[in-house]
$ cat input_34.pdb   # PDB, C-alpha atoms, pLDDT in the B column
ATOM      1  CA  MET K  38      -5.368  11.842 -13.954  1.00 78.00           C
ATOM      2  CA  SER K  39      -5.864  10.492 -10.452  1.00 85.00           C
ATOM      3  CA  ILE K  40      -4.855   6.964  -9.504  1.00 86.00           C
ATOM      4  CA  LYS K  41      -8.516   6.025  -9.112  1.00 88.00           C
ATOM      5  CA  ASP K  42      -9.272   7.253 -12.651  1.00 89.00           C
ATOM      6  CA  LYS K  43      -6.237   5.382 -13.974  1.00 91.00           C
ATOM      7  CA  ILE K  44      -7.454   2.154 -12.350  1.00 91.00           C
ATOM      8  CA  ASN K  45     -10.917   2.603 -13.863  1.00 91.00           C
ATOM      9  CA  GLU K  46      -9.409   3.231 -17.308  1.00 93.00           C
ATOM     10  CA  ASN K  47      -7.227   0.133 -16.950  1.00 92.00           C
ATOM     11  CA  ILE K  48     -10.253  -1.957 -15.978  1.00 92.00           C
ATOM     12  CA  LYS K  49     -11.906  -0.959 -19.265  1.00 94.00           C
ATOM     13  CA  ALA K  50      -8.725  -1.615 -21.270  1.00 93.00           C
ATOM     14  CA  ALA K  51      -8.170  -5.019 -19.637  1.00 91.00           C
ATOM     15  CA  PHE K  52     -11.812  -5.938 -20.239  1.00 92.00           C
ATOM     16  CA  LYS K  53     -11.544  -5.044 -23.933  1.00 93.00           C
ATOM     17  CA  SER K  54      -8.302  -7.039 -24.174  1.00 92.00           C
ATOM     18  CA  GLY K  55      -9.887 -10.093 -22.560  1.00 90.00           C
ATOM     19  CA  LEU K  56      -7.508 -10.125 -19.557  1.00 89.00           C
ATOM     20  CA  LYS K  57      -9.924 -11.693 -17.081  1.00 89.00           C
ATOM     21  CA  ASP K  58      -7.450 -12.008 -14.204  1.00 87.00           C
ATOM     22  CA  GLU K  59      -6.405  -8.375 -14.485  1.00 89.00           C
ATOM     23  CA  VAL K  60     -10.026  -7.206 -14.699  1.00 91.00           C
ATOM     24  CA  SER K  61     -10.861  -9.239 -11.613  1.00 90.00           C
ATOM     25  CA  ALA K  62      -7.905  -7.907  -9.611  1.00 90.00           C
ATOM     26  CA  LEU K  63      -8.528  -4.293 -10.626  1.00 91.00           C
ATOM     27  CA  ARG K  64     -12.256  -4.523  -9.892  1.00 93.00           C
ATOM     28  CA  PHE K  65     -11.487  -5.951  -6.477  1.00 92.00           C
ATOM     29  CA  PHE K  66      -9.017  -3.170  -5.790  1.00 93.00           C
ATOM     30  CA  SER K  67     -11.499  -0.576  -7.034  1.00 92.00           C
ATOM     31  CA  SER K  68     -14.054  -1.951  -4.568  1.00 93.00           C
ATOM     32  CA  VAL K  69     -11.488  -1.709  -1.744  1.00 93.00           C
ATOM     33  CA  ILE K  70     -11.012   1.977  -2.593  1.00 92.00           C
ATOM     34  CA  LYS K  71     -14.786   2.502  -2.683  1.00 92.00           C
ATOM     35  CA  ASN K  72     -15.145   0.842   0.728  1.00 93.00           C
ATOM     36  CA  LYS K  73     -12.445   3.102   2.168  1.00 92.00           C
ATOM     37  CA  GLU K  74     -14.293   6.115   0.768  1.00 89.00           C
ATOM     38  CA  LEU K  75     -17.508   4.897   2.413  1.00 88.00           C
ATOM     39  CA  GLU K  76     -15.676   4.483   5.727  1.00 90.00           C
ATOM     40  CA  LYS K  77     -14.319   8.024   5.396  1.00 87.00           C
ATOM     41  CA  ARG K  78     -17.775   9.359   4.523  1.00 85.00           C
ATOM     42  CA  THR K  79     -19.281   7.641   7.561  1.00 84.00           C
ATOM     43  CA  ARG K  80     -16.666   9.219   9.831  1.00 83.00           C
ATOM     44  CA  LEU K  81     -17.225  12.639   8.266  1.00 79.00           C
ATOM     45  CA  SER K  82     -21.026  12.371   8.385  1.00 79.00           C
ATOM     46  CA  LYS K  83     -20.853  12.370  12.174  1.00 77.00           C
ATOM     47  CA  GLU K  84     -19.544  15.953  11.938  1.00 75.00           C
ATOM     48  CA  ASN K  85     -22.858  17.190  10.453  1.00 70.00           C
ATOM     49  CA  LYS K  86     -21.395  18.307   7.136  1.00 68.00           C
ATOM     50  CA  ASP K  87     -23.420  19.496   4.150  1.00 73.00           C
ATOM     51  CA  ILE K  88     -24.152  16.644   1.677  1.00 74.00           C
ATOM     52  CA  ALA K  89     -22.319  18.309  -1.235  1.00 72.00           C
ATOM     53  CA  GLU K  90     -19.323  19.018   0.970  1.00 76.00           C
ATOM     54  CA  LEU K  91     -19.469  15.491   2.369  1.00 75.00           C
ATOM     55  CA  GLU K  92     -19.339  14.061  -1.152  1.00 77.00           C
ATOM     56  CA  LYS K  93     -16.180  16.021  -1.963  1.00 78.00           C
ATOM     57  CA  LEU K  94     -14.471  15.340   1.356  1.00 80.00           C
ATOM     58  CA  SER K  95     -15.136  11.594   1.260  1.00 81.00           C
ATOM     59  CA  LYS K  96     -13.097  11.087  -1.931  1.00 86.00           C
ATOM     60  CA  LEU K  97      -9.706   9.545  -1.243  1.00 85.00           C
ATOM     61  CA  SER K  98      -6.672  11.565  -2.244  1.00 86.00           C
ATOM     62  CA  ASP K  99      -3.903   9.954  -4.285  1.00 84.00           C
ATOM     63  CA  GLU K 100      -1.823   9.793  -1.103  1.00 82.00           C
ATOM     64  CA  GLU K 101      -4.604   7.934   0.715  1.00 86.00           C
ATOM     65  CA  ILE K 102      -4.998   5.579  -2.242  1.00 87.00           C
ATOM     66  CA  MET K 103      -1.233   4.936  -2.122  1.00 85.00           C
ATOM     67  CA  SER K 104      -1.653   3.951   1.504  1.00 83.00           C
ATOM     68  CA  VAL K 105      -4.451   1.547   0.525  1.00 87.00           C
ATOM     69  CA  ILE K 106      -2.247   0.119  -2.250  1.00 87.00           C
ATOM     70  CA  SER K 107       0.577  -0.441   0.223  1.00 84.00           C
ATOM     71  CA  GLY K 108      -1.800  -2.235   2.566  1.00 86.00           C
ATOM     72  CA  GLU K 109      -3.107  -4.466  -0.206  1.00 89.00           C
ATOM     73  CA  ILE K 110       0.443  -5.267  -1.344  1.00 88.00           C
ATOM     74  CA  LYS K 111       1.358  -6.240   2.207  1.00 87.00           C
ATOM     75  CA  LYS K 112      -1.720  -8.470   2.427  1.00 91.00           C
ATOM     76  CA  ARG K 113      -0.737 -10.216  -0.816  1.00 92.00           C
ATOM     77  CA  LYS K 114       2.830 -10.796   0.385  1.00 90.00           C
ATOM     78  CA  ASP K 115       1.572 -12.229   3.685  1.00 91.00           C
ATOM     79  CA  SER K 116      -0.913 -14.461   1.855  1.00 93.00           C
ATOM     80  CA  ILE K 117       1.778 -15.766  -0.478  1.00 93.00           C
ATOM     81  CA  VAL K 118       3.927 -16.789   2.495  1.00 93.00           C
ATOM     82  CA  GLN K 119       0.981 -18.538   4.154  1.00 94.00           C
ATOM     83  CA  TYR K 120      -0.102 -20.311   0.971  1.00 93.00           C
ATOM     84  CA  GLU K 121       3.459 -21.485   0.343  1.00 93.00           C
ATOM     85  CA  LYS K 122       3.564 -22.955   3.854  1.00 93.00           C
ATOM     86  CA  GLY K 123       0.255 -24.685   3.176  1.00 92.00           C
ATOM     87  CA  GLY K 124       1.395 -26.047  -0.177  1.00 91.00           C
ATOM     88  CA  ARG K 125      -1.320 -24.181  -2.109  1.00 92.00           C
ATOM     89  CA  ASP K 126       0.577 -23.417  -5.315  1.00 92.00           C
ATOM     90  CA  ASP K 127      -2.622 -22.444  -7.141  1.00 92.00           C
ATOM     91  CA  LEU K 128      -3.327 -19.681  -4.622  1.00 92.00           C
ATOM     92  CA  VAL K 129       0.333 -18.617  -4.555  1.00 92.00           C
ATOM     93  CA  LYS K 130       0.148 -18.132  -8.317  1.00 93.00           C
ATOM     94  CA  LYS K 131      -3.100 -16.123  -8.056  1.00 91.00           C
ATOM     95  CA  GLU K 132      -1.809 -13.876  -5.253  1.00 92.00           C
ATOM     96  CA  THR K 133       1.492 -13.318  -7.060  1.00 93.00           C
ATOM     97  CA  ALA K 134      -0.351 -12.242 -10.216  1.00 92.00           C
ATOM     98  CA  GLU K 135      -2.493  -9.800  -8.192  1.00 91.00           C
ATOM     99  CA  LEU K 136       0.617  -8.517  -6.431  1.00 91.00           C
ATOM    100  CA  GLU K 137       2.280  -7.721  -9.766  1.00 91.00           C
ATOM    101  CA  ILE K 138      -0.830  -5.856 -10.933  1.00 90.00           C
ATOM    102  CA  LEU K 139      -0.961  -3.795  -7.711  1.00 88.00           C
ATOM    103  CA  LYS K 140       2.738  -2.962  -7.899  1.00 86.00           C
ATOM    104  CA  LYS K 141       2.046  -1.052 -11.124  1.00 87.00           C
ATOM    105  CA  TYR K 142       0.179   1.546  -9.047  1.00 84.00           C
ATOM    106  CA  ALA K 143       2.581   1.675  -6.106  1.00 81.00           C
ATOM    107  CA  PRO K 144       5.372   4.208  -5.921  1.00 76.00           C
ATOM    108  CA  ALA K 145       8.770   2.917  -6.988  1.00 75.00           C
ATOM    109  CA  GLU K 146      10.623   1.079  -4.233  1.00 78.00           C
ATOM    110  CA  MET K 147      13.415   3.099  -2.711  1.00 79.00           C
ATOM    111  CA  PRO K 148      16.915   1.695  -3.355  1.00 82.00           C
ATOM    112  CA  GLU K 149      18.448   0.120  -0.256  1.00 82.00           C
ATOM    113  CA  GLU K 150      21.392   2.559  -0.260  1.00 85.00           C
ATOM    114  CA  GLU K 151      19.030   5.552  -0.141  1.00 84.00           C
ATOM    115  CA  LEU K 152      16.929   3.883   2.548  1.00 83.00           C
ATOM    116  CA  ARG K 153      20.023   3.074   4.604  1.00 82.00           C
ATOM    117  CA  ALA K 154      21.170   6.735   4.368  1.00 83.00           C
ATOM    118  CA  ILE K 155      17.775   7.980   5.595  1.00 82.00           C
ATOM    119  CA  ILE K 156      17.826   5.470   8.442  1.00 82.00           C
ATOM    120  CA  LYS K 157      21.347   6.448   9.515  1.00 79.00           C
ATOM    121  CA  ASN K 158      20.299  10.100   9.510  1.00 78.00           C
ATOM    122  CA  LYS K 159      17.122   9.465  11.537  1.00 75.00           C
ATOM    123  CA  ILE K 160      18.471   7.067  14.170  1.00 73.00           C
ATOM    124  CA  ILE K 161      21.641   8.913  15.161  1.00 71.00           C
ATOM    125  CA  GLY K 162      21.692   8.649  18.929  1.00 69.00           C
ATOM    126  CA  GLN K 163      18.310   6.833  18.987  1.00 70.00           C
ATOM    127  CA  LYS K 164      18.111   3.961  21.462  1.00 76.00           C
ATOM    128  CA  ASP K 165      14.374   3.345  21.171  1.00 77.00           C
ATOM    129  CA  PHE K 166      13.614   1.048  18.232  1.00 78.00           C
ATOM    130  CA  GLY K 167       9.937   2.039  18.107  1.00 80.00           C
ATOM    131  CA  LYS K 168      10.692   5.749  17.849  1.00 81.00           C
ATOM    132  CA  ALA K 169      13.320   5.118  15.171  1.00 79.00           C
ATOM    133  CA  MET K 170      10.894   2.963  13.193  1.00 82.00           C
ATOM    134  CA  GLY K 171       8.198   5.645  13.420  1.00 82.00           C
ATOM    135  CA  LEU K 172      10.552   8.405  12.279  1.00 80.00           C
ATOM    136  CA  VAL K 173      11.819   6.417   9.310  1.00 82.00           C
ATOM    137  CA  MET K 174       8.408   5.126   8.209  1.00 82.00           C
ATOM    138  CA  ALA K 175       7.008   8.667   8.283  1.00 79.00           C
ATOM    139  CA  GLU K 176       9.802   9.784   5.971  1.00 79.00           C
ATOM    140  CA  VAL K 177       9.706   6.889   3.478  1.00 80.00           C
ATOM    141  CA  LYS K 178       5.876   6.639   3.495  1.00 76.00           C
ATOM    142  CA  GLY K 179       4.994   3.905   0.992  1.00 71.00           C
ATOM    143  CA  ARG K 180       8.326   3.938  -0.827  1.00 77.00           C
ATOM    144  CA  ALA K 181       9.936   1.244   1.309  1.00 78.00           C
ATOM    145  CA  ASP K 182       8.775  -2.035   2.763  1.00 77.00           C
ATOM    146  CA  GLY K 183       8.410  -2.059   6.544  1.00 79.00           C
ATOM    147  CA  VAL K 184      10.237  -5.378   6.786  1.00 80.00           C
ATOM    148  CA  ALA K 185      13.279  -3.916   5.012  1.00 82.00           C
ATOM    149  CA  VAL K 186      13.173  -0.803   7.204  1.00 82.00           C
ATOM    150  CA  LYS K 187      13.029  -2.961  10.344  1.00 85.00           C
ATOM    151  CA  ARG K 188      15.943  -5.103   9.203  1.00 86.00           C
ATOM    152  CA  ILE K 189      18.159  -2.120   8.366  1.00 84.00           C
ATOM    153  CA  ILE K 190      17.308  -0.270  11.604  1.00 82.00           C
ATOM    154  CA  GLU K 191      18.226  -3.373  13.598  1.00 83.00           C
ATOM    155  CA  GLU K 192      21.518  -3.675  11.683  1.00 82.00           C
ATOM    156  CA  GLU K 193      22.358   0.010  12.160  1.00 79.00           C
ATOM    157  CA  MET K 194      21.460   0.015  15.862  1.00 78.00           C
ATOM    158  CA  LYS K 195      23.615  -3.070  16.357  1.00 77.00           C
ATOM    159  CA  ASN K 196      26.502  -1.347  14.551  1.00 74.00           C
ATOM    160  CA  GLU K 197      26.171   1.772  16.763  1.00 68.00           C
ATOM    161  CA  THR K 198      26.713  -0.142  19.987  1.00 59.00           C
TER     162      THR K 198
END
$ encode --input "input_34.pdb" --output "structure tokens"
Amino acid sequence: MSIKDKINENIKAAFKSGLKDEVSALRFFSSVIKNKELEKRTRLSKENKDIAELEKLSKLSDEEIMSVISGEIKKRKDSIVQYEKGGRDDLVKKETAELEILKKYAPAEMPEEELRAIIKNKIIGQKDFGKAMGLVMAEVKGRADGVAVKRIIEEEMKNET
């Protein structure tokens, strides 16, 4: 079962269980996925593809959906920080609840030890932070938070000098 199908099934289950907040969050996320599919279809339609082929090609893969999930999780984390600064506890609570729902669909976070080992392996001899960040993020793709990766790369580069 694809992630998109799982989300749709969970919308139905949450609706039947009367979990309004979960239904709302999942419907919103489902609409984000649909919008991304429409964007992809628009890009592909410029290549003069057959309509049936266009329909198939415009569907997001599970990997693309994982990327969308990661983006939405990052947005929630950023919003929580901003709402905390603004003293909006009601919105912090709402965003935190949505964040927990989205995390159910995200890949498991990589343990820091494993992340640190990957970083050490990738940045050996690297002096350019941007290149190191790109190499590591390509490898951990959605399994580690960019903020954590940045922090560990900075620590490891400092230790190398």
$ resolve_selection --input "input_34.pdb" --expression "the PyMOL selection byres ((chain K and resi 158-167) around 9)" --output "ChimeraX atom specification"
/K:153-157,168-173,187,190-191,193-194,197
$ closest_residue --input "input_34.pdb" --among "K:Glu100, K:Ile110, K:Ile44, K:Gly55" --to "Ser68 (chain K)" --atoms "all atoms listed in the file"
K:Ile44
$ axis_aligned_box --input "input_34.pdb" --around "region 170-187 of chain K" --padding-each-side "8 Å" --output "AutoDock Vina command-line options"
--center_x 9.1 --center_y 2.2 --center_z 6.3 --size_x 24.3 --size_y 31.2 --size_z 30.2
$ residues_near_point --input "input_34.pdb" --point "(-4.7, -18.9, -6.5)" --cutoff "12 Å" --atoms "all atoms listed in the file" --output "PyMOL selection string"
chain K and resi 58+62+113+116-117+120-121+124-136
$ resolve_selection --input "input_34.pdb" --expression "the PyMOL selection byres ((chain K and resi 107) around 9)" --output "MDAnalysis selection string"
chainID K and resid 102:106 108:112 139:140 143 179:180 182
